[in-house]
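The structure under discussion appears below in the form of structure tokens.
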Amino acid sequence: MVALVLRVAMGAYFTWAGGEKIFVSGLDRFATDIGNYKLVGESVAVAVAYILPWAEIVAGICFMLGVLRKGSWLAMLGFVTAFAFAVGSAWWRGMDIRCGCTGGAETITYWQKAAEFLLYYIALGFIAWSGWRGRAGKKTDAPG
């Protein structure tokens, strides 16, 4: 039951965050936010900005509904890891930039983001563990 609550909460958050980037702040703003990390060129930043929010929405909905569990779990893990890498890189370089995570204008509070990423990893680990534990002896090994 805890894994289900975590799955729905994470899926809802990622769905909401993707929607905020598309429908509220706009994809051009998100492309600028990605470019501010100085990890990729402008054309890659634009491509990522126009694809990532839609992927967050699709993966978030699948995660909430338990559809394609292993794939949506892996997508969530990939998103969190990519975001953690980008934010960690900005932190390491002492950058004072907007996060871009939800399309808002707030600058990154690095310790808060580190705690948030830790919670994501704990939740994803628990979801995977509960899925594997619950399927012990069965042919499938899909998370949560």
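Chains: A, B, ... in order of the structure tokens. Residues: from 1 per chain. Ligands: from 1, in order shown.
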
Near-segment 33-38 of chain A list (12 Å; only C-alpha atoms; drop same-chain fewer than 6 positions) as a VMD selection string:
chain A and resid 21 25 to 27 44 to 50 52 82 to 83 85 to 108

Mind writing the picked residues with C-alpha atoms as a PDB file, in the first residue's frame?
```
ATOM      1  CA  LYS A  21       6.458  23.604 -18.129  1.00  0.00           C
ATOM      2  CA  SER A  25       5.714  28.897 -18.059  1.00  0.00           C
ATOM      3  CA  GLY A  26       6.186  27.697 -21.629  1.00  0.00           C
ATOM      4  CA  LEU A  27       8.720  25.545 -23.397  1.00  0.00           C
ATOM      5  CA  VAL A  44      20.128  20.382 -27.556  1.00  0.00           C
ATOM      6  CA  ALA A  45      18.582  22.501 -24.801  1.00  0.00           C
ATOM      7  CA  VAL A  46      15.663  23.363 -27.088  1.00  0.00           C
ATOM      8  CA  ALA A  47      15.192  19.736 -28.145  1.00  0.00           C
ATOM      9  CA  VAL A  48      15.244  18.557 -24.520  1.00  0.00           C
ATOM     10  CA  ALA A  49      12.857  21.335 -23.479  1.00  0.00           C
ATOM     11  CA  TYR A  50      10.327  20.353 -26.109  1.00  0.00           C
ATOM     12  CA  LEU A  52      11.169  16.186 -21.685  1.00  0.00           C
ATOM     13  CA  ALA A  82      19.573  13.431 -14.905  1.00  0.00           C
ATOM     14  CA  PHE A  83      18.100  16.218 -12.780  1.00  0.00           C
ATOM     15  CA  PHE A  85      23.412  15.404 -12.134  1.00  0.00           C
ATOM     16  CA  ALA A  86      22.458  18.790 -13.633  1.00  0.00           C
ATOM     17  CA  VAL A  87      21.685  20.391 -10.258  1.00  0.00           C
ATOM     18  CA  GLY A  88      24.805  18.873  -8.681  1.00  0.00           C
ATOM     19  CA  SER A  89      26.911  20.228 -11.517  1.00  0.00           C
ATOM     20  CA  ALA A  90      25.445  23.710 -11.069  1.00  0.00           C
ATOM     21  CA  TRP A  91      26.011  23.482  -7.309  1.00  0.00           C
ATOM     22  CA  TRP A  92      29.615  22.386  -7.813  1.00  0.00           C
ATOM     23  CA  ARG A  93      30.214  25.346 -10.134  1.00  0.00           C
ATOM     24  CA  GLY A  94      28.535  27.808  -7.731  1.00  0.00           C
ATOM     25  CA  MET A  95      25.846  28.835 -10.200  1.00  0.00           C
ATOM     26  CA  ASP A  96      22.900  30.968  -9.079  1.00  0.00           C
ATOM     27  CA  ILE A  97      20.222  29.876 -11.570  1.00  0.00           C
ATOM     28  CA  ARG A  98      16.566  28.884 -11.736  1.00  0.00           C
ATOM     29  CA  CYS A  99      15.936  25.208 -11.253  1.00  0.00           C
ATOM     30  CA  GLY A 100      13.496  24.830 -14.142  1.00  0.00           C
ATOM     31  CA  CYS A 101      11.988  21.800 -12.417  1.00  0.00           C
ATOM     32  CA  THR A 102       8.427  23.109 -12.302  1.00  0.00           C
ATOM     33  CA  GLY A 103       8.682  26.053 -14.643  1.00  0.00           C
ATOM     34  CA  GLY A 104       8.816  28.568 -11.790  1.00  0.00           C
ATOM     35  CA  ALA A 105      11.113  31.531 -11.344  1.00  0.00           C
ATOM     36  CA  GLU A 106      12.627  30.403  -8.030  1.00  0.00           C
ATOM     37  CA  THR A 107      16.399  29.988  -7.812  1.00  0.00           C
ATOM     38  CA  ILE A 108      17.819  26.690  -6.662  1.00  0.00           C
TER      39      ILE A 108
END
```

From a DSSP pass on the backbone, collect the residues of segment 35-134 of chain A flagged as alpha helix (DSSP H) and hand them back as a PyMOL selection string.
chain A and resi 35-36+42-65+69-92+110-134

Shell around Ile127 of chain A at 12 Å using only C-alpha atoms, local window under 4 positions removed, as a PyMOL selection string
chain A and resi 1-10+63+66+69-70+72-74+76-77+120-123+131-134+141-144

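Going from atom CA of Phe23 of chain A to atom CA of Ala55 of chain A covers 14.4 Å.
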